[in-house]
Amino acid sequence: MGGAALFFALASDPDLAPRRAVLNDQNHELVTTYEVVRDQLDALVTQLEPLVTSYLAADEDTRAEIFYALREDQPTTPIEVAARLLFLNRTCFNGLYRVNQRGLFNVPHGKYKNPTILDPVVLAAASRALQNTELLSGDFEAACADVKPGDFVYFDPPFHPVSDTANFTSYTAGSFAREDQLRLRWCMDGLRDSGVPVMLSNSPHEWMVGVYEGAHYRVERTPARRSINSKGDGRGVIDELVVTSDYPRRGGSE
């Protein structure tokens, strides 16, 4: 699911909005946040408002103290988890989400002059879009266990690194390695062969292209804007790989 950009784009269009959607991500804190936005929005806003007010009124040093104190905190209630994630996402360096091997968020303070931390209008729109969704947190194979013909499945995994130095896949305590990319391909094969249309986004690395080319998939490149990168020249429009099912294979026939 990640940022669920495709879902929210579809949900905002009356002609394209799904009647029912299932969203899944292995990041439990992220899924908890979506659940709170869907079910307890007023309580979330109430939790965030005093934190945002005190942060925006503080000087730079005090803002950093507030940020790092919250980063070290380990909340236990869903509303606290959601408020912390939203606050850190809007005040950390470049809006990046990254955890260490222990699963602890470790992105530094972003030092923005006037960040928009709490946007009730956007959160309310997201809450409305999520009302008819089922939210899961687990492995993609488990999330696809009940998929049947007539469904559409979109995969947005951690992108395969485009180089040896651009090797970031740390959205959870475990990485998403080549073995996982191949396991995802086999999962897509099974769905496609049972008549389920599938779509995947990934990096245009030559290995990733080779995984899907010549295997009854359409493999295309499309320009996509990137606003999150540790280097300024890495932001902007770059190519992204889009893979879609060509046609189902049933009993070996085409």
# chains A, B, ... in the order shown; residues from 1 in each chain; ligands from 1
$ residues_around --residues "Pro204 of chain A" --least-positions-apart "5" --cutoff "9 Å" --atoms "only C-alpha atoms" --output "VMD selection string"
chain A and resid 160 162 209 221 239 to 242
$ write_last_selection --atoms "N, CA and C atoms" --output "short mmCIF file (atom, residue, chain, number, x, y, z; two decimals), in the first residue's frame"
data_model
loop_
_atom_site.label_atom_id
_atom_site.label_comp_id
_atom_site.auth_asym_id
_atom_site.auth_seq_id
_atom_site.Cartn_x
_atom_site.Cartn_y
_atom_site.Cartn_z
N HIS A 160 13.35 -2.37 -6.51
CA HIS A 160 14.68 -2.97 -6.61
C HIS A 160 15.70 -1.84 -6.82
N VAL A 162 18.37 0.65 -8.08
CA VAL A 162 18.84 0.89 -9.44
C VAL A 162 20.36 0.85 -9.54
N VAL A 209 13.68 -5.71 -15.27
CA VAL A 209 13.08 -5.84 -16.60
C VAL A 209 13.14 -7.29 -17.06
N ARG A 221 7.88 1.56 -19.59
CA ARG A 221 8.48 2.60 -18.75
C ARG A 221 7.59 3.83 -18.80
N ASP A 239 12.38 7.51 -14.73
CA ASP A 239 11.60 6.41 -15.28
C ASP A 239 11.19 5.43 -14.18
N GLU A 240 10.02 4.86 -14.38
CA GLU A 240 9.51 3.83 -13.49
C GLU A 240 8.99 2.69 -14.35
N LEU A 241 9.18 1.47 -13.88
CA LEU A 241 8.71 0.31 -14.62
C LEU A 241 7.25 0.02 -14.26
N VAL A 242 6.43 -0.21 -15.27
CA VAL A 242 5.04 -0.60 -15.05
C VAL A 242 4.81 -1.93 -15.76
#
$ residues_around --residues "segment 50-64 of chain A" --least-positions-apart "6" --cutoff "8 Å" --atoms "only C-alpha atoms" --output "PyMOL selection string"
chain A and resi 87+109+111+114+117-118
$ atom_distance --atom1 "atom CA of His216 of chain A" --atom2 "atom CA of Thr244 of chain A"
9.0 Å
$ atom_distance --atom1 "atom CA of Pro18 of chain A" --atom2 "atom CA of Tyr154 of chain A"
12.8 Å
$ closest_atom_pairs --of "segment 57-120 of chain A" --to "segment 27-42 of chain A" --cutoff "12 Å" --atoms "only C-alpha atoms" --output "Markdown table"
| residue | atom | partner | partner_atom | distance |
| --- | --- | --- | --- | --- |
| A:Gln74 | CA | A:Glu29 | CA | 10.9 |
| A:Pro75 | CA | A:Glu29 | CA | 10.2 |
| A:Thr76 | CA | A:Glu29 | CA | 10.6 |
| A:Thr77 | CA | A:Thr32 | CA | 9.6 |
| A:Pro78 | CA | A:Thr32 | CA | 6.2 |
| A:Ile79 | CA | A:Val36 | CA | 6.3 |
| A:Glu80 | CA | A:Thr33 | CA | 9.2 |
| A:Val81 | CA | A:Glu29 | CA | 6.5 |
| A:Ala82 | CA | A:Thr33 | CA | 4.3 |
| A:Ala83 | CA | A:Thr33 | CA | 7.8 |
| A:Arg84 | CA | A:Thr33 | CA | 9.2 |
| A:Leu85 | CA | A:Thr33 | CA | 7.4 |
| A:Leu86 | CA | A:Thr33 | CA | 8.1 |
| A:Phe87 | CA | A:Thr33 | CA | 11.4 |
| A:Asn89 | CA | A:Leu30 | CA | 10.9 |
| A:Tyr97 | CA | A:Leu30 | CA | 10.3 |
| A:Arg98 | CA | A:Asn27 | CA | 10.9 |
| A:Val99 | CA | A:Asn27 | CA | 10.4 |
| A:Gly103 | CA | A:Asn27 | CA | 9.6 |
| A:Leu104 | CA | A:Glu29 | CA | 10.9 |
| A:Phe105 | CA | A:Glu29 | CA | 10.6 |
| A:Leu118 | CA | A:Leu41 | CA | 11.7 |
| A:Asp119 | CA | A:Leu41 | CA | 11.6 |
| A:Pro120 | CA | A:Leu41 | CA | 8.9 |
$ closest_residue --among "A:Ala143, A:Gly214, A:Asp246, A:Pro223" --to "Leu184 of chain A" --atoms "only C-alpha atoms"
A:Ala143
$ residues_around --residues "Glu141 of chain A" --least-positions-apart "4" --cutoff "10 Å" --atoms "only C-alpha atoms" --output "list in words"
Ala145, Asp146, Arg183, Leu184, Trp186, Cys187 and Met188 of chain A
$ select_by_dssp --residues "segment 18-104 of chain A" --states "strand (DSSP E)" --output "short mmCIF file (atom, residue, chain, number, x, y, z; two decimals) with C-alpha atoms, in the first residue's frame"
data_model
loop_
_atom_site.label_atom_id
_atom_site.label_comp_id
_atom_site.auth_asym_id
_atom_site.auth_seq_id
_atom_site.Cartn_x
_atom_site.Cartn_y
_atom_site.Cartn_z
CA ALA A 21 -10.93 -2.48 -1.68
CA VAL A 22 -8.37 -4.41 0.34
CA LEU A 23 -5.17 -2.54 1.19
CA ASN A 24 -2.12 -4.28 2.67
#
$ select_by_dssp --residues "segment 2-107 of chain A" --states "helix (DSSP H, G or I)" --output "ChimeraX atom specification"
/A:5-11,28-39,41-57,60-72,78-91,93-95
$ atom_distance --atom1 "atom CA of Phe159 of chain A" --atom2 "atom CA of Val237 of chain A"
15.8 Å
$ closest_residue --among "A:Thr222, A:Ser201, A:Thr116, A:Gln26" --to "Asp156 of chain A" --atoms "only C-alpha atoms"
A:Ser201
$ decode --residues "segment 14-34 of chain A" --atoms "N, CA and C atoms" --output "PDB file, in the first residue's frame"
ATOM      1  N   PRO A  14     -15.605   9.327  -9.204  1.00  0.00           N
ATOM      2  CA  PRO A  14     -16.842   8.544  -9.041  1.00  0.00           C
ATOM      3  C   PRO A  14     -16.983   7.409 -10.049  1.00  0.00           C
ATOM      4  N   ASP A  15     -16.402   7.566 -11.230  1.00  0.00           N
ATOM      5  CA  ASP A  15     -16.520   6.527 -12.255  1.00  0.00           C
ATOM      6  C   ASP A  15     -15.525   5.383 -12.055  1.00  0.00           C
ATOM      7  N   LEU A  16     -14.495   5.615 -11.262  1.00  0.00           N
ATOM      8  CA  LEU A  16     -13.441   4.612 -11.102  1.00  0.00           C
ATOM      9  C   LEU A  16     -13.338   4.062  -9.683  1.00  0.00           C
ATOM     10  N   ALA A  17     -13.999   4.690  -8.739  1.00  0.00           N
ATOM     11  CA  ALA A  17     -13.869   4.290  -7.340  1.00  0.00           C
ATOM     12  C   ALA A  17     -14.281   2.834  -7.153  1.00  0.00           C
ATOM     13  N   PRO A  18     -13.448   2.031  -6.502  1.00  0.00           N
ATOM     14  CA  PRO A  18     -13.797   0.627  -6.279  1.00  0.00           C
ATOM     15  C   PRO A  18     -14.952   0.497  -5.304  1.00  0.00           C
ATOM     16  N   ARG A  19     -15.834  -0.469  -5.560  1.00  0.00           N
ATOM     17  CA  ARG A  19     -16.931  -0.735  -4.620  1.00  0.00           C
ATOM     18  C   ARG A  19     -16.385  -1.296  -3.314  1.00  0.00           C
ATOM     19  N   ARG A  20     -15.308  -2.060  -3.415  1.00  0.00           N
ATOM     20  CA  ARG A  20     -14.669  -2.636  -2.232  1.00  0.00           C
ATOM     21  C   ARG A  20     -13.179  -2.726  -2.507  1.00  0.00           C
ATOM     22  N   ALA A  21     -12.379  -2.426  -1.508  1.00  0.00           N
ATOM     23  CA  ALA A  21     -10.926  -2.477  -1.682  1.00  0.00           C
ATOM     24  C   ALA A  21     -10.287  -3.130  -0.473  1.00  0.00           C
ATOM     25  N   VAL A  22      -9.193  -3.838  -0.719  1.00  0.00           N
ATOM     26  CA  VAL A  22      -8.368  -4.413   0.343  1.00  0.00           C
ATOM     27  C   VAL A  22      -6.974  -3.815   0.185  1.00  0.00           C
ATOM     28  N   LEU A  23      -6.487  -3.162   1.222  1.00  0.00           N
ATOM     29  CA  LEU A  23      -5.166  -2.539   1.195  1.00  0.00           C
ATOM     30  C   LEU A  23      -4.268  -3.244   2.207  1.00  0.00           C
ATOM     31  N   ASN A  24      -3.035  -3.521   1.817  1.00  0.00           N
ATOM     32  CA  ASN A  24      -2.119  -4.276   2.665  1.00  0.00           C
ATOM     33  C   ASN A  24      -0.735  -3.642   2.657  1.00  0.00           C
ATOM     34  N   ASP A  25      -0.098  -3.664   3.826  1.00  0.00           N
ATOM     35  CA  ASP A  25       1.299  -3.253   3.915  1.00  0.00           C
ATOM     36  C   ASP A  25       1.929  -3.981   5.094  1.00  0.00           C
ATOM     37  N   GLN A  26       3.204  -4.325   4.985  1.00  0.00           N
ATOM     38  CA  GLN A  26       3.873  -5.030   6.087  1.00  0.00           C
ATOM     39  C   GLN A  26       4.222  -4.105   7.241  1.00  0.00           C
ATOM     40  N   ASN A  27       4.174  -2.806   7.014  1.00  0.00           N
ATOM     41  CA  ASN A  27       4.465  -1.837   8.066  1.00  0.00           C
ATOM     42  C   ASN A  27       3.230  -1.690   8.970  1.00  0.00           C
ATOM     43  N   HIS A  28       3.301  -2.264  10.160  1.00  0.00           N
ATOM     44  CA  HIS A  28       2.143  -2.283  11.059  1.00  0.00           C
ATOM     45  C   HIS A  28       1.745  -0.877  11.502  1.00  0.00           C
ATOM     46  N   GLU A  29       2.731  -0.008  11.741  1.00  0.00           N
ATOM     47  CA  GLU A  29       2.411   1.356  12.172  1.00  0.00           C
ATOM     48  C   GLU A  29       1.672   2.110  11.070  1.00  0.00           C
ATOM     49  N   LEU A  30       2.064   1.888   9.831  1.00  0.00           N
ATOM     50  CA  LEU A  30       1.388   2.543   8.721  1.00  0.00           C
ATOM     51  C   LEU A  30      -0.061   2.085   8.622  1.00  0.00           C
ATOM     52  N   VAL A  31      -0.294   0.792   8.714  1.00  0.00           N
ATOM     53  CA  VAL A  31      -1.647   0.262   8.627  1.00  0.00           C
ATOM     54  C   VAL A  31      -2.488   0.750   9.805  1.00  0.00           C
ATOM     55  N   THR A  32      -1.903   0.791  10.982  1.00  0.00           N
ATOM     56  CA  THR A  32      -2.609   1.332  12.142  1.00  0.00           C
ATOM     57  C   THR A  32      -3.023   2.776  11.896  1.00  0.00           C
ATOM     58  N   THR A  33      -2.141   3.551  11.276  1.00  0.00           N
ATOM     59  CA  THR A  33      -2.456   4.951  10.976  1.00  0.00           C
ATOM     60  C   THR A  33      -3.639   5.053  10.029  1.00  0.00           C
ATOM     61  N   TYR A  34      -3.665   4.229   8.996  1.00  0.00           N
ATOM     62  CA  TYR A  34      -4.809   4.241   8.074  1.00  0.00           C
ATOM     63  C   TYR A  34      -6.095   3.843   8.803  1.00  0.00           C
TER      64      TYR A  34
END
